[in-house]
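Colleague: Sharing a structure with you now.
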Amino acid sequence: NNMETRAKSKFSVTFVDDNLVEKITNGTNGHTGTPIPLSQRGSGRLTMGSRTSAGDTIELPPLQEMDEEVVDIFYKPTELLGESPLKGSSVFGFCTPKKKWGMLEKAESVKKKYGSPSTPKTPKSSLKQYPSTPTTPKRPSTDSKSGFTTPRSTRRLSGVVQEVRTPYSFRKKVKQRINKIVFKEDSSSSDEEDDDDDDDDSSYSLSEPEDESKENIDFQEECIKTPGKTPKRTPLKHSKILSGTPGKKPTRVLEKGGRGRKIKDVEMVGKADDYFTSNGDTGKVVTSDHTLSRLETPRLSPEALQSILSSVATSHQREREALLEEHMHMFPRWMTFLCEGFSVFLYGLGSKKQLISKFQQEYLAQFDHIVVNGFFPSLTLKNLLNNITEDIIDHTGSFHSIQEQLEFIQGFYTKSSAESLFIIIHNLDGPMLRGEKSQSAIAHLASIPHVHILASIDHINAPLIFDSSRMSHYNALWCDATTLAPYSEETSFENSLLVQQSGSLALSSLIHVFRSLTPNAKGIFLLLAQHQLDQKDNSNYIGLSFNDMYQRCRELFLVNSDLTLRAQLTEFRDHKLIRSKKGLDGIENLVIPLDSNILHDFINQQESDKLS
Amino acid sequence: MATVSVSKGVFSFKRSKANKRKEAASTTLDYWTECDEDTRDRSYKNYVKCWQMVTNILHDLQSSVHAKVFEDLVHFIKNARKNCSIKASENHIESMQGQNDIPTACLVTGVNMPDHEAIFESLVRLLADGVTPHIAQLHSRDCNTLRSAMHKMITQLMGQNDLVDLDDEVMIGPSIKRRQINMTVLTSWYKECTDVLTQEKNSSKLRGSTQKATILCNDETCKAVTSPRKAVASPRKAVASPHKAVASPRKAVASPRKTVASPRKAVASPHKAVTSQFKAVASPLKAMASPHKAMSSSLMAIASPHKTVGSSCKEMGSPSIAMKSFSNNGSPQKKIKLSKETSLPTEDDHQPLVVILEDVESFPMNVLHDLILICSEHHCDLPFVFVFGVATTPAAVHRSLSQNVSACIAMETFQAEPSTHFLNHVIEKVVMSDEVPFHIGGRPFKLLLDIFLYNDLSVKNFIKGLKLCMMQHFMNNSSAFLCCPAPERASVVRAMTPAQLDIIRKLPSFRSYVESCPPKEQAALLLEEKVCKATIRRLLNKLDCWYDCFCCLVKVVHALTSSLPQAPLGRQVREVLTTCLSHELVETEEFKEADKMLRLMAREELLPIVTNIIGILIEWVEKDENLLHLHDELSLMLGRLNSLDQLDQVNDNSITEEMQISIQSSDRFHLKEKLLEIAKKKYKKPNAYESLRSEVLQLLINAFEQLLKPVNKQPLHEVLFFDSSSMVKRHLVGMPRAALTTALSNPHHYLQCECCQLEDLSSVVPTLPDVSVAYKLHLECGRLINLYDWLQAFISVTEPEEDTSSKRTIDQKLQARFAQAVSELQFLGFVKPTRRKTDHVARLTWGGC
């Protein structure tokens, strides 16, 4: 590994060995006291996605030329994106560590830190697959090549080194530079190539240095930390929300929660390239085979869940209240925005229902307003519009289409004499409002002069539903309204995996419909239910065929022709009491789409009713 | 007020009638800001005034910016029919086929979708003003099906006429039942319209001519007059007409009859419209038109909503009789000639039916196809003209339409001005105007520009941002009560209360101004009201003058540097303005770079620039002394520049001589030395042009140094300038995802509690909220997450004491908390249930720290 220099046409190419690479990386890093070229590289031009020129180290002449290529000085969005393009990249960063035991390790580390001094015994079950110093590599390929890769568990568990990984782009750059040098010489050194390949894992190999040169590179790459990676925390003192006038003191100091400080803005800039590096490898997913059935109560019933949750004291109660209080100071501001023809969109973690309801009570009592629960699963656009036309405008009469109704509303509220209408939408990104049609209809509503919209959004991808013309119809202003309150109401309609689907609602609605049926129809339904219940252990049960059903019904004198039976079945189908499926042989099979134990409850109840 | 229900998603609250308040404009004022009444009122009023000014300016701009392209468009629409009919008349036999090409204007509007509405609005206004009252505007959102598209188009085309006349009546347009709207109705309605119009025209012409004969009741007129009746009374004819595209014959039979028979307006309104057109077309006919109007109004009185077919026919007959009486004056020969003319329609009597499709690209393709085909089918009767609004390129239309459809339209492309052009106008007229008292500072202006250039290129959004800035200025800034139009300023300053005076005294810029004054004045300024008020007034006026001068010089800087290679200060005025507003121009790197290049500029380049600058300055000369001075000096120098020719020649010779001497040396090293020496000498001895050039530049730079100071150096700049971008940015650029992620990975950021301080974002603390713990754990996973493992990890974080993994029972409380946390993450979109593996959830994001 001698250093040899050879002059080629214009620039000199240096063949470097690993020690030199170390120097280079040291240089760019600034750890060893050499002047930081990072700033010399024109930090202004270091915007996201643009080509960045590398450091001006003497060893790497080819990259210097790139710097001179800049033809025109571009207009830079410094005000929009902030000075440093790396801020908050954790939001969209794609460097997901994929390890089998990452989660448990993390949990363990916390346990060690905060738990009892005597380390609790690792559970037997997981001990088998999860040794304390695991040597299971993530990828077999790198394993075979380099021969060593220690998962970073050791580092994590020790909890001493807290580092941020080098941004991928920078590592790539260094790699490219190395490659360039290598290829210029037309000699591909296997050493470097190897390094390139196990680059992803190499950063974790602090513990077991086997190969001197590798260690060097690894160490260097570890050290090239980008300070801006973690969202920069500006001093909190000078970020008052209502600042702007020196002569005024708009913020009130909140004594109660002890929050003298205001919340600063959050900033972020995404880096899209990394998606491909994280998603490029094979889609093999490594998870354990444990299931919830290992627990005694795998799933809680919704009622139990509710009752338990209500008994659990929520954490940070005081701080949350302070947060809420702080947002409430913004109410007049929201109202001004609304009155001036803007819409207000609230975002941030935590249920904003309570906050908005407060706003509604305090400010909107004087005005016509409607409240829409966007998270409600069977909400329709028609509901929303009908509420406006029927309840608020008092219009009797129907409309042919949504468009017509919208036009009517528009006509009504465009008049200068019209009174303001406020529409509050909890979860504008709710499942039923996400669609193209409802969004453009609501946007249309928002563009009507006397209609004002205050909406909250929660989903991380919610902004994707607004395109530019819709957004301009909304004319929306964003407000951060993080409350950190639990989404109890919003998630109550969701069918979570961890909650037992009891179907009590289904049962009650079934009983409700059933009561209104004729005796014969009741008989038909009971017949089908009984049959289904008899077959509940049969996993291949596809339903009772229509002909079979007809025969049985005739035998019990429930129907006299297949037409009457069909009429009855249609009624059931309309109420979603039964579902029919065509079997493989083309015969119609009838099923009741309910759990067998609900059905059992139902039949039991019917029988007890009959007896009493 | 309960808004929780399992059966309802929408709740309406009508305000009680009891506390009905009468208030129209004061709503905003109630929430404006929380300082004392007087200041609040004033600043709100100022805001309203300022915004009104800006909207007025914008309104004027809106139509003038696109004037050129609109002119072309109007010309095209006016002549479309003429060209078509001329072609048709040339070969009569093929007239039926030849007319099928619908003239289409393809207006390329650019990708800034939000601005298009305004463009088309002004286009419609323009067309309605002079070209045709029959305009239909279609949006893709209304046209999901052909039926709705047709309905929309036909009602708009027919309704327009009545909109003009019956503005005091509630109903607009002939109220035709929805399902009866079809092309037949439109055709007959249009025929009626034009025929009556033609009739009127003819009669007016005839009256003007010599009265040769008085007897006229020939078939020609009768036909023309009674044609509406025919269309109405004999539905069979409508069916028999070649419009086969019309849905079912039954419907066609039923519809025209009902059209007339049901409400009286259907009958009355077209006539009324005609009368109004009379007035416009034939002013000498006024006397004649008025009885006609009387007739039609009496007709309205007679007609009742429930007329039978027969009676409506009778009614229809009566106007025709009236018509006949009008045309009694014409001669038969003349009549024939004229009727020939009518068969060859002129632009006046056959007003085109303009159909505007604002966003052609987002129309469903089948609807667009059918719409065009149907229109082309009827094109011989109805002179359709399409206007397509295209955001991308005209090729997009051709690409999406099939060959047979695009064969039906004869497209011509019109290019609207790009939105940057409009933006430049807005900046010129609003931001740099001296009328509006409110001015925007460097940082917010840069932010708005960034949003414009990097997000949407939409002027509408730029204006929205401007409005927000203005609101923030007047709301947050208690000194904004002084920010009123210049003429009112004197009275406002005079009426200032001591409290308000204190507000001004506390302004940092005013304080630093006071400190710079001699001690005597300082005391007077702080203690004596009168002196203070006078100073404030003087300063504000000075600030106004300064800004005028500033804007002028910005333009000068732009003229000076925009043509430089690489344009270090930017190629647009807006870029120069941003720099000047927030930095001292002469100090900036960019300007130094530009200066370097300017000092190497050739005379041929410099001359036009200087001329240009003088042109800019001359407009401002009366307003400012400094500028006047600058202008005069520059003019002098321009004269000197022009008379330089001989001097240059001499200098050139001397240099070449020197060069020849130097080359004699033999050594390479010596040669280099010598060359360097020569270079130095050359530098030391500038020729006449060079010295003059540096003189010009020095003059300009001195002016810049003196006058182009950033805003925040001016006393009382807080009153007129808004200069904080963070607040505006927070509202304009929402970052929901960043807020969510921050709250999850670092709840301390929001909670500000002592327990959750993290030294590293990836670390976990047991006291974190449950969602946050679950979130942090899930970051460690790949695409699938095992719920059991997740639960175990969650428990070991939240209850480090407990060792549950080996047990089968776990604390139900913990399980419930975990379940809630997971369903919240699901609600937020981080995970979703999956069927790929039992008891697993799929991760939907790829981030992680």
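Labels used: A, B, ... for chains in the order of the structure tokens, numbers from 1 for residues in each chain, and numbers from 1 for ligands as shown.
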Could you give me the residues within region 327-378 of chain A that DSSP places in strand (DSSP E or B), as number ranges by chain?
Modeller: A: 343-347, 368-373
Colleague: Store the residues picked out above in a file with N, CA, C and O atoms, as a PDB file, in the first residue's frame.
Modeller:
```pdb
ATOM      1  N   SER A 343     -59.883  29.791   6.078  1.00  0.00           N
ATOM      2  CA  SER A 343     -60.231  28.617   6.859  1.00  0.00           C
ATOM      3  C   SER A 343     -59.079  28.381   7.816  1.00  0.00           C
ATOM      4  O   SER A 343     -57.962  28.803   7.561  1.00  0.00           O
ATOM      5  N   VAL A 344     -59.354  27.685   8.892  1.00  0.00           N
ATOM      6  CA  VAL A 344     -58.293  27.379   9.844  1.00  0.00           C
ATOM      7  C   VAL A 344     -58.148  25.874   9.946  1.00  0.00           C
ATOM      8  O   VAL A 344     -59.132  25.164  10.155  1.00  0.00           O
ATOM      9  N   PHE A 345     -56.938  25.394   9.730  1.00  0.00           N
ATOM     10  CA  PHE A 345     -56.661  23.969   9.866  1.00  0.00           C
ATOM     11  C   PHE A 345     -55.793  23.761  11.107  1.00  0.00           C
ATOM     12  O   PHE A 345     -54.732  24.364  11.228  1.00  0.00           O
ATOM     13  N   LEU A 346     -56.233  22.919  11.997  1.00  0.00           N
ATOM     14  CA  LEU A 346     -55.460  22.640  13.201  1.00  0.00           C
ATOM     15  C   LEU A 346     -54.765  21.295  13.051  1.00  0.00           C
ATOM     16  O   LEU A 346     -55.373  20.327  12.616  1.00  0.00           O
ATOM     17  N   TYR A 347     -53.511  21.264  13.404  1.00  0.00           N
ATOM     18  CA  TYR A 347     -52.803  19.996  13.331  1.00  0.00           C
ATOM     19  C   TYR A 347     -52.007  19.776  14.593  1.00  0.00           C
ATOM     20  O   TYR A 347     -51.902  20.649  15.439  1.00  0.00           O
ATOM     21  N   ASP A 368     -74.894  30.634  13.571  1.00  0.00           N
ATOM     22  CA  ASP A 368     -75.273  29.325  13.046  1.00  0.00           C
ATOM     23  C   ASP A 368     -74.007  28.523  12.846  1.00  0.00           C
ATOM     24  O   ASP A 368     -73.038  29.025  12.278  1.00  0.00           O
ATOM     25  N   HIS A 369     -74.002  27.306  13.319  1.00  0.00           N
ATOM     26  CA  HIS A 369     -72.826  26.497  13.042  1.00  0.00           C
ATOM     27  C   HIS A 369     -73.184  25.023  13.030  1.00  0.00           C
ATOM     28  O   HIS A 369     -74.163  24.616  13.655  1.00  0.00           O
ATOM     29  N   ILE A 370     -72.409  24.252  12.317  1.00  0.00           N
ATOM     30  CA  ILE A 370     -72.609  22.808  12.362  1.00  0.00           C
ATOM     31  C   ILE A 370     -71.288  22.156  12.715  1.00  0.00           C
ATOM     32  O   ILE A 370     -70.217  22.677  12.440  1.00  0.00           O
ATOM     33  N   VAL A 371     -71.411  21.012  13.377  1.00  0.00           N
ATOM     34  CA  VAL A 371     -70.235  20.265  13.811  1.00  0.00           C
ATOM     35  C   VAL A 371     -70.240  18.928  13.095  1.00  0.00           C
ATOM     36  O   VAL A 371     -71.261  18.242  13.082  1.00  0.00           O
ATOM     37  N   VAL A 372     -69.164  18.598  12.480  1.00  0.00           N
ATOM     38  CA  VAL A 372     -69.074  17.347  11.731  1.00  0.00           C
ATOM     39  C   VAL A 372     -68.004  16.476  12.364  1.00  0.00           C
ATOM     40  O   VAL A 372     -66.881  16.935  12.571  1.00  0.00           O
ATOM     41  N   ASN A 373     -68.373  15.257  12.694  1.00  0.00           N
ATOM     42  CA  ASN A 373     -67.376  14.320  13.189  1.00  0.00           C
ATOM     43  C   ASN A 373     -66.816  13.534  12.013  1.00  0.00           C
ATOM     44  O   ASN A 373     -67.427  12.578  11.546  1.00  0.00           O
TER      45      ASN A 373
END
```
Colleague: How many Å separate CA of Gly734 (chain B) from CA of Trp478 (chain A)?
Modeller: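 Between these atoms lies a distance of 5.0 Å.
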Colleague: May I ask which of the residues B:Met113, B:Pro485, B:Lys674, B:Val6 is the closest one to Phe493 (chain A), counting only C-alpha atoms?
Modeller: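 The closest residue to Phe493 (chain A) is B:Val6.
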Colleague: One decimal, in Å: what's the spacing between CA of Pro114 (chain B) and CA of Phe342 (chain A)?
Modeller: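 Atom-to-atom, CA of Pro114 (chain B) to CA of Phe342 (chain A), that is 15.0 Å.
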Colleague: Can you pull out every residue from region 564-672 of chain B that DSSP, working from the backbone, puts in helix (DSSP H, G or I), and format the result as number ranges by chain?
Modeller: B: 573-582, 585-587, 589-598, 603-618, 625-642, 645-662, 668-672
Colleague: For Ala559 (chain B), find every residue with an atom within 12 Å (counting only C-alpha atoms), except residues of its own chain fewer than 6 positions away, and show them as number ranges by chain.
Modeller: B: 552-553, 567, 569-573, 576, 605-617, 700
Colleague: Find the spatial neighbours of region 462-473 of chain A, counting only C-alpha atoms, within a cut-off of 9 Å - ignore same-chain residues fewer than 3 positions away - and output them as a list in words.
Modeller: Leu428, Asp429, Arg434, Gly435, Glu436, Gln439, Ser440, Ala443, His444, Leu445, Ala446, Ser447, Ile448, Ile457, Asp458, His459 and Ala476 of chain A; Asn112, Met113, Pro114, Asp115, Asp456, Lys460, Asn461, Pro736 and Arg737 of chain B
Colleague: For the residues in the current selection, export C-alpha atoms as an mmCIF file, in the first residue's frame.
Modeller:
```
data_model
loop_
_atom_site.group_PDB
_atom_site.id
_atom_site.type_symbol
_atom_site.label_atom_id
_atom_site.label_comp_id
_atom_site.auth_asym_id
_atom_site.auth_seq_id
_atom_site.Cartn_x
_atom_site.Cartn_y
_atom_site.Cartn_z
ATOM 1 C CA LEU A 428 -61.176 16.679 7.829
ATOM 2 C CA ASP A 429 -59.028 13.708 6.862
ATOM 3 C CA ARG A 434 -60.981 11.674 2.276
ATOM 4 C CA GLY A 435 -62.536 11.018 -1.099
ATOM 5 C CA GLU A 436 -62.104 13.234 -4.099
ATOM 6 C CA GLN A 439 -63.071 17.059 -0.523
ATOM 7 C CA SER A 440 -63.938 19.143 -3.552
ATOM 8 C CA ALA A 443 -63.558 23.032 -0.589
ATOM 9 C CA HIS A 444 -66.389 24.517 -2.604
ATOM 10 C CA LEU A 445 -68.274 25.226 0.595
ATOM 11 C CA ALA A 446 -65.211 26.874 2.043
ATOM 12 C CA SER A 447 -64.955 29.220 -0.901
ATOM 13 C CA ILE A 448 -68.441 30.628 -0.306
ATOM 14 C CA ILE A 457 -56.406 17.003 10.770
ATOM 15 C CA ASP A 458 -54.493 14.145 12.351
ATOM 16 C CA HIS A 459 -53.306 11.633 9.825
ATOM 17 C CA ALA A 476 -56.504 27.770 4.769
ATOM 18 C CA ASN B 112 -50.900 27.861 -11.380
ATOM 19 C CA MET B 113 -54.392 26.442 -10.992
ATOM 20 C CA PRO B 114 -55.594 28.761 -8.216
ATOM 21 C CA ASP B 115 -55.273 31.821 -10.427
ATOM 22 C CA ASP B 456 -47.236 26.795 -6.518
ATOM 23 C CA LYS B 460 -53.563 34.219 -5.615
ATOM 24 C CA ASN B 461 -51.630 32.526 -2.876
ATOM 25 C CA PRO B 736 -48.525 18.741 10.329
ATOM 26 C CA ARG B 737 -46.205 15.837 9.977
#
```
Colleague: Could you jot down the CA of His134 (chain B) to CA of Pro352 (chain B) separation for me, Å, one decimal place?
Modeller: 7.0 Å
Colleague: Show which residues sit within 12 Å of Pro487 (chain B), as an NGL selection string. Count only C-alpha atoms, and ignore same-chain residues fewer than 2 positions away.
Modeller: :B and (435-437 or 482-485 or 489-493 or 537 or 540-541 or 544)
Colleague: Using only C-alpha atoms, which residue out of B:Phe827, B:Phe510, B:Phe363, B:Phe388 lies closest to chain A?
Modeller: B:Phe827
Colleague: From the options B:Glu780, B:Asp359, B:Asp548, B:Glu488, which residue's atoms come nearest to Leu138 (chain B), counting only C-alpha atoms?
Modeller: B:Asp359
